Structures are given as structure tokens and as C-alpha cells.
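A short worksheet on the structure shown next.
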Amino acid sequence: MEIDNRVMQYVLNHSINGILIFNNNFNIAFSNKAAQKIFEYNEMLTGKCLSEFIPQDNLNKIRQNNTERFYKIKLKTKVIAFDVIPIFEKNIIEGYAAVFQDVSKYESIVEEMDKFKELNRRLEAIIDSSYDGIYVTDGEANTILLNKAYEHITGIRGKDILGKNMMELVKQGYFSQSGSLLAIEKDRQVTLRQRLVSGKEILITSTPVYNTNKKREFIVTNVRDISDLVKLQEKLSETKALNEKYKSELENIKEQTIEIPELIVKDKNTIQTVRTALKVARVDTTVLLMGETGVGKGQFAKLIHKNSTRLHNRLVEINCGAIPRNLIESELFGYDRGAFTGALQKGKMGVFELANNSTLFLDEISELDIDMQVKLLKVLEEKIVKRIGGEESIPINVRIIAACNQDLKKMVEKGLFREDLYYRLNIIPVVIPPLRERREDIIPLCLSFLDEFNSKYRMNKYITVSVLDSFMEYSWPGNVRELRNLIERLVIMSQNDKIDKSLLPQYILGKNHTEKEMEKEIKEEIQENSIDEYVGMNLKDATIRFQQKLINQTIDRLGSQRKAAKYLEVDPSTVSRKLNE
Ligand SMILES: Nc1ncnc2c1ncn2[C@@H]1O[C@H](COP(=O)(O)OP(=O)(O)OP(=O)(O)O)[C@@H](O)[C@H]1O
């Protein structure tokens, strides 16, 4: 078949690609129909200049560049792919033949693809930069994606598990439990906590993701390394526990130190008693203080009064054991004028009246005889006093603090103390332990008394440790009073500033001293007493002086006036009278 110019023209015109032939100046010598269509031109392009259809800078590029053949040219409404073939005449470019195509459609697809690729790249970057591990399977639990953090946390490499099914991976021992499988099974989000072989604690959250047809498409699993968090949590609870411990130790320390100026309190037994006393102080009720002689019942009475609502009124005290029997009634209730011979003209108030709106401290209450107990009970119940020889009923508002160093209950049993009065007084009992049961108080008390007497006598005495040791051993039958008296004596008697063991009486040095041995020592000391100090006195003064000395020493040793009275075979009231002479 012969292909002539007509056939060529026919073929070129039916090509779906645009075809142009143009010279060096871009004047078009030939164009086909497709070219006309691509440039959206109704007439033949032959004779036109290509610059009418293609931006000049593209044409310049074609002219400058003989090696490049393919150009992507952007027109106003479309993009064309231009394949330019130079036409040579004796090695010189005479013109060009161009085959081109409208690629706008492909262009937008490529653009979309590029955008998609970019989005994918960004997503991957985001997933990989996540601090949490991310693991994605398809709806059937086949692994399709995991990030670097996942590899780092679990130590499993992506290339070993990508594409594999979770069930298979669990079987192979990669995982002990799979969040993805559980999420598929439950068809909802699940959270698990796992401990890896490496010791790491992880928190796994697997979430099913559904497509628009509500079909499960992926399972996205988030894996968080909570090892640090768990450690932190453990640390926090340790710190909390430690805090609690310090707090309770602080409370303990607080409980162990009570600052009351007039009381030396260090031993936990005494601290406990002080706490009870302070609690009781606030309740306006009768208090019965019990404890051996010299334990500090008087001090506790002051403490209770000072911490009560009545603190602004004076505490009135009466020692029932120190007042002669015939005077006790008038001391308690007062008398009207002319009540008895020797009575004051204007009469006298009793301690109940004096203590009105305040506190009355009835010390050594067990010393009251039964008659007086009956009268006391009546006053306590009726809250009214009548002076001796008086008619008037005087209303009184008095808080009673009673004290006794005897076992009142036993006295009740023996019929020496009225049961009704006992119960009337024993509303709130406060038992003060003897010094031997609160040994921690001994040294603080001792040092405080030493201070007191050093400043009273303007001295600078000190006590040796061995003396303190002996004090800690001794049983202190006379309690704090005995300790106080002894310290005063030691301060006065020591020749130099040092108070050492040589100054201590035998009964302190020997442990388990019996009362008999003590009596013997007292007698010996009395015998040793020089009479030099009585020389020059008249008999009466010398007798008084001697009696007082004897009584004081006996009280010092035995601890109480009553014990001294018993030992010296006199009435306790005589002892107190002699001391006041
Ligand atoms: N905790 C203390 N701190 C300081 N001094 C105290 C303490 N306890 C008692 N004393 C002192 O001891 C002495 C005896 O105390 P107090 O008179 O209160 O004892 P008491 O139990 O009332 O004795 P009695 O049974 O003989 O009446 C007082 O000089 C008192 O100041």
C-alpha cells in the first residue's frame, strides 16, 4: 500500500494526541484536529504562532533546551504533556514536531496521590513519634502496623510480627495475653495491665474501629509503659507511710512532753495522769485525787483549778488531817458571833463560804471523823451551809477536789468512811502513781529542786551521777516530798559544791531497806545529835527546836506527817501544830 500525503493527513487528523509542526519562531506549519480541540480553538492553527496558545516562557525553554523532550505545560484550564522533537536540516534545528496530550485528569490524580502520600508520611511520623506504643491489626487480628515506641517497650521487632495473626503470635509466645483478641471477643474497648519478662509494667488499651458499614476494620492498641508510674506510685505510698510514721512519732513526742510550769512531768505514767487531770479540769465536777503521801496531790489540785472555768477565783485549801478535831467543823462551815467561848465577835466564814464560786481542795479527807463526814455530805448534797450557831442557810457554788492517801474503799469496808460520801466524792477518780512507779520523773525533779535550792540559798551545788543512780534505785516511800526535802538537806549540808554519794544517808544507799532498819537509823542519828546548838537557849525554845528538828527529820525519812506522827506516837494534829510553833 502506498502512503501518500492524503493518507498521512487522514491519520494525523484522527490521532487522539495533538500534533503540531512549527518552525524556530514557533509559527505553526501543521496542526491536527486534536490539537485544535486541546487548545479549544475553532479554526485551523496553521499559520498561527504557538505563543498564542502556550505561555512564552515555555517556548523559550524549548528553544534553549535541545536535549529535553518532555514538558509539562500548564495552560489556563488544563495541563498538557508536550513531547517535542526537533527537526534538523544539516545539523541545524529548523523547527519542531510536537505530540501532546491533555493530562489534566491524570494530573489531579497524581496530585491526590501526592497529597495522600504526604498524609501517609505525616501519619507515620506522628505514629512513630508517639511516646506510647501503637499496634494495629485488621479486623481479623492480622498485624498491619506498629510503631517504634512499641518495639522499644516490648522489645519485639516489627519485621518479626508484621503480617502475622495475633492468635499465632500468642501461640508462639510473643504475648501472654492479647488486647486485640480480647477486644475482638468482647467487641468493645478493653484495658489490661501486664508485666513483661523484662519487668516492665504496661497498660494496654485495645479499641475496635468500624467502617461506615459498621464492619470491624481495625483494632488499634495503645501500649503505655507504666513502670515509672508504678515505681512513682510505690514511692508515693512509701513516702505516705513514712509521713504517717513521722506524724505519729511527732504526736508521741508531743504526748511525751507536757509543759506545766509548776509540775515536773517526764515519765509517761505521770504524763497520762496529767492528761486525765486536764480533761477532768474542764468538767465542773467533783474530783477525788488518790495517791500515796507526797506524790503531788496538792499540785494536781492546783493544776485542775487553774485549768477549770473557776480559775479566776482563788483556790481554797484545807488539810483535814492537820486541823484539831474540835476545830474542823468551824473551819469548814464557819460560825456566827457568840457561837462558842473564844469565838470572834463578828463570827467567821468557813472554807465553803470562802470558796464560793471557786474550788475547795479538801486534803486528807479520810481524816474526817464519821460525824463530820455526815455534815460534809449534807452540804455537798444541799449546796447550802449553815454556820455553827447560825440560822441562815447560805447557798454555795463550790467545786470540790478531795484528796486522800489511804485506800478509801477499804476504809468504807471497815466502816471508817461513809459509803455514801465515798460515792459522792468518787465521781471522777484521778490516781497519781508513786514516784517508784514513774522513775523517769526522778532525775528531772531532782535537778529542778537542786536549781530551786541553789537559788534560794545562793549556792552553786551539783549532784554527781552516782548520787542520781542511787536515787533511781531507791523506793522513795515519801515520794516527791521526800526527794525535795532530801535535796534541800544535801544542798545545805555539803561542804563544797559537790554533792556526792558520801553525803547520802544509809537508807538511800541500801536497796530494799526495811522500815525497821530505817527506824534504827533515825534513832542512831538522833543520838548522834550534838547538843551544842541548844546551848544558850531557854528550855522551852530548845525543846521546841529539838521537837521540830526531830519531826522534820522523821517526815523526811518516812515521807509523811502522818507516818512521822505514828512513829513518834503523837496525834497528826500535834505534829502540824508543833511545826507551826
Ligand atoms: N510533779 C511535781 N513537780 C514538782 N514538784 C512536785 C511535783 N509533785 C510534787 N511536788 C512537790 O512535792 C511536794 C509534795 O507535793 P504535794 O503536797 O502536792 O503532795 P501530796 O500528795 O498532796 O502530799 P500529802 O498526801 O502529804 O498531802 C510539794 O513540795 C510539791 O511542790
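Residue numbering restarts at 1 in every chain; chains get A, B, ... in the order shown in the C-alpha cells, and ligands count up from 1 in that same order.
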Check your understanding: Got a sec to check which residues lie within 7 Å of ligand 1, using only C-alpha atoms and all ligand atoms, and send them as a list in words?
Key ->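 Counting only C-alpha atoms and all ligand atoms, the residues within 7 Å of ligand 1 come out as Glu262, Leu263, Ile264, Val265, Gly291, Glu292, Thr293, Gly294, Val295, Gly296, Lys297, Gly298, Gln299, Phe300, Asp363, Glu364, Cys404, Asn405, Leu445, Val480, Arg481, Arg484, Ser560 and Gln561 of chain A.
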Review point. Can you list every residue in range 172-231 of chain A that DSSP puts in alpha helix (DSSP H), as a PyMOL selection string?
Key: chain A and resi 179-186+227-231
Can I get the selected residues back with C-alpha atoms, as a PDB file, in the first residue's frame?
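Done, and the output landed in out.pdb:
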ATOM      1  CA  GLY A 179      -5.637  -6.927  73.903  1.00  0.00           C
ATOM      2  CA  SER A 180      -6.586  -7.105  70.219  1.00  0.00           C
ATOM      3  CA  LEU A 181      -8.056 -10.611  70.571  1.00  0.00           C
ATOM      4  CA  LEU A 182      -9.916  -9.617  73.733  1.00  0.00           C
ATOM      5  CA  ALA A 183     -11.326  -6.502  72.032  1.00  0.00           C
ATOM      6  CA  ILE A 184     -12.496  -8.719  69.133  1.00  0.00           C
ATOM      7  CA  GLU A 185     -14.013 -11.218  71.540  1.00  0.00           C
ATOM      8  CA  LYS A 186     -15.826  -8.571  73.582  1.00  0.00           C
ATOM      9  CA  SER A 227       6.874   1.106  85.045  1.00  0.00           C
ATOM     10  CA  ASP A 228       7.984   4.586  86.101  1.00  0.00           C
ATOM     11  CA  LEU A 229       4.444   5.428  87.107  1.00  0.00           C
ATOM     12  CA  VAL A 230       4.170   2.253  89.177  1.00  0.00           C
ATOM     13  CA  LYS A 231       7.560   2.964  90.784  1.00  0.00           C
TER      14      LYS A 231
END
Practice item. Would you mind writing down, as a VMD selection string, each residue of range 167-318 of chain A that DSSP on the backbone assigns to strand (DSSP E or B)? Key: chain A and resid 190 to 195 201 to 210 216 to 225 260 263 287 to 290 316 to 318
**Study point:** Near-Ile21 in chain A list (12 Å; only C-alpha atoms; drop same-chain fewer than 4 positions) as an MDAnalysis selection string
**Key:** chainID A and resid 12 25:32 35 45:50 83:87 94:100
Give me the residues within 12 Å of Gln177 in chain A as a short mmCIF file (atom, residue, chain, number, x, y, z; two decimals) with C-alpha atoms, in the first residue's frame, counting only C-alpha atoms and dropping any in the same chain fewer than 2 places off.
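Here's the written file out39.cif:
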data_model
loop_
_atom_site.label_atom_id
_atom_site.label_comp_id
_atom_site.auth_asym_id
_atom_site.auth_seq_id
_atom_site.Cartn_x
_atom_site.Cartn_y
_atom_site.Cartn_z
CA MET A 166 -2.37 -12.35 66.82
CA MET A 167 -3.54 -15.88 67.62
CA GLU A 168 -0.41 -17.29 66.05
CA LEU A 169 1.76 -14.77 67.91
CA VAL A 170 0.19 -15.71 71.25
CA LYS A 171 0.78 -19.38 70.42
CA GLN A 172 4.41 -18.62 69.57
CA GLY A 173 4.77 -16.98 72.96
CA TYR A 174 5.26 -13.38 71.79
CA PHE A 175 2.40 -12.31 74.04
CA GLY A 179 -5.64 -6.93 73.90
CA SER A 180 -6.59 -7.11 70.22
CA LEU A 181 -8.06 -10.61 70.57
CA LEU A 182 -9.92 -9.62 73.73
CA ALA A 183 -11.33 -6.50 72.03
CA THR A 191 -7.85 -2.38 79.07
CA LEU A 192 -5.30 -4.81 80.52
CA ARG A 193 -2.31 -4.48 82.76
CA GLN A 194 0.65 -6.76 82.09
CA ARG A 195 4.09 -7.38 83.49
CA LEU A 196 6.63 -8.18 80.77
CA ILE A 204 -2.76 -1.96 77.16
CA SER A 206 -7.32 -2.05 72.54
#
Check your understanding: Which neighbours of Lys37 in chain A fall inside 12 Å, counting only C-alpha atoms, when residues of the same chain fewer than 2 positions from it are skipped, and could you give them as JSON, numbers by chain?
Key -> {"A": [13, 14, 15, 16, 17, 18, 19, 31, 32, 33, 34, 35, 39, 40, 41, 42, 43, 44, 45, 53, 100, 101, 102]}
Review point. At what distance in Å, to one decimal, does CA of Leu289 in chain A lie from CA of Ile401 in chain A?
Key: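 Computed distance, CA of Ile401 in chain A to CA of Leu289 in chain A, equals 7.2 Å.
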Review point. Pick the closest to Tyr474 in chain A from A:Ile156, A:Ile508, A:Ile93, A:Leu162: which is it, counting only C-alpha atoms?
Key: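 Nearest to Tyr474 in chain A: A:Ile508.
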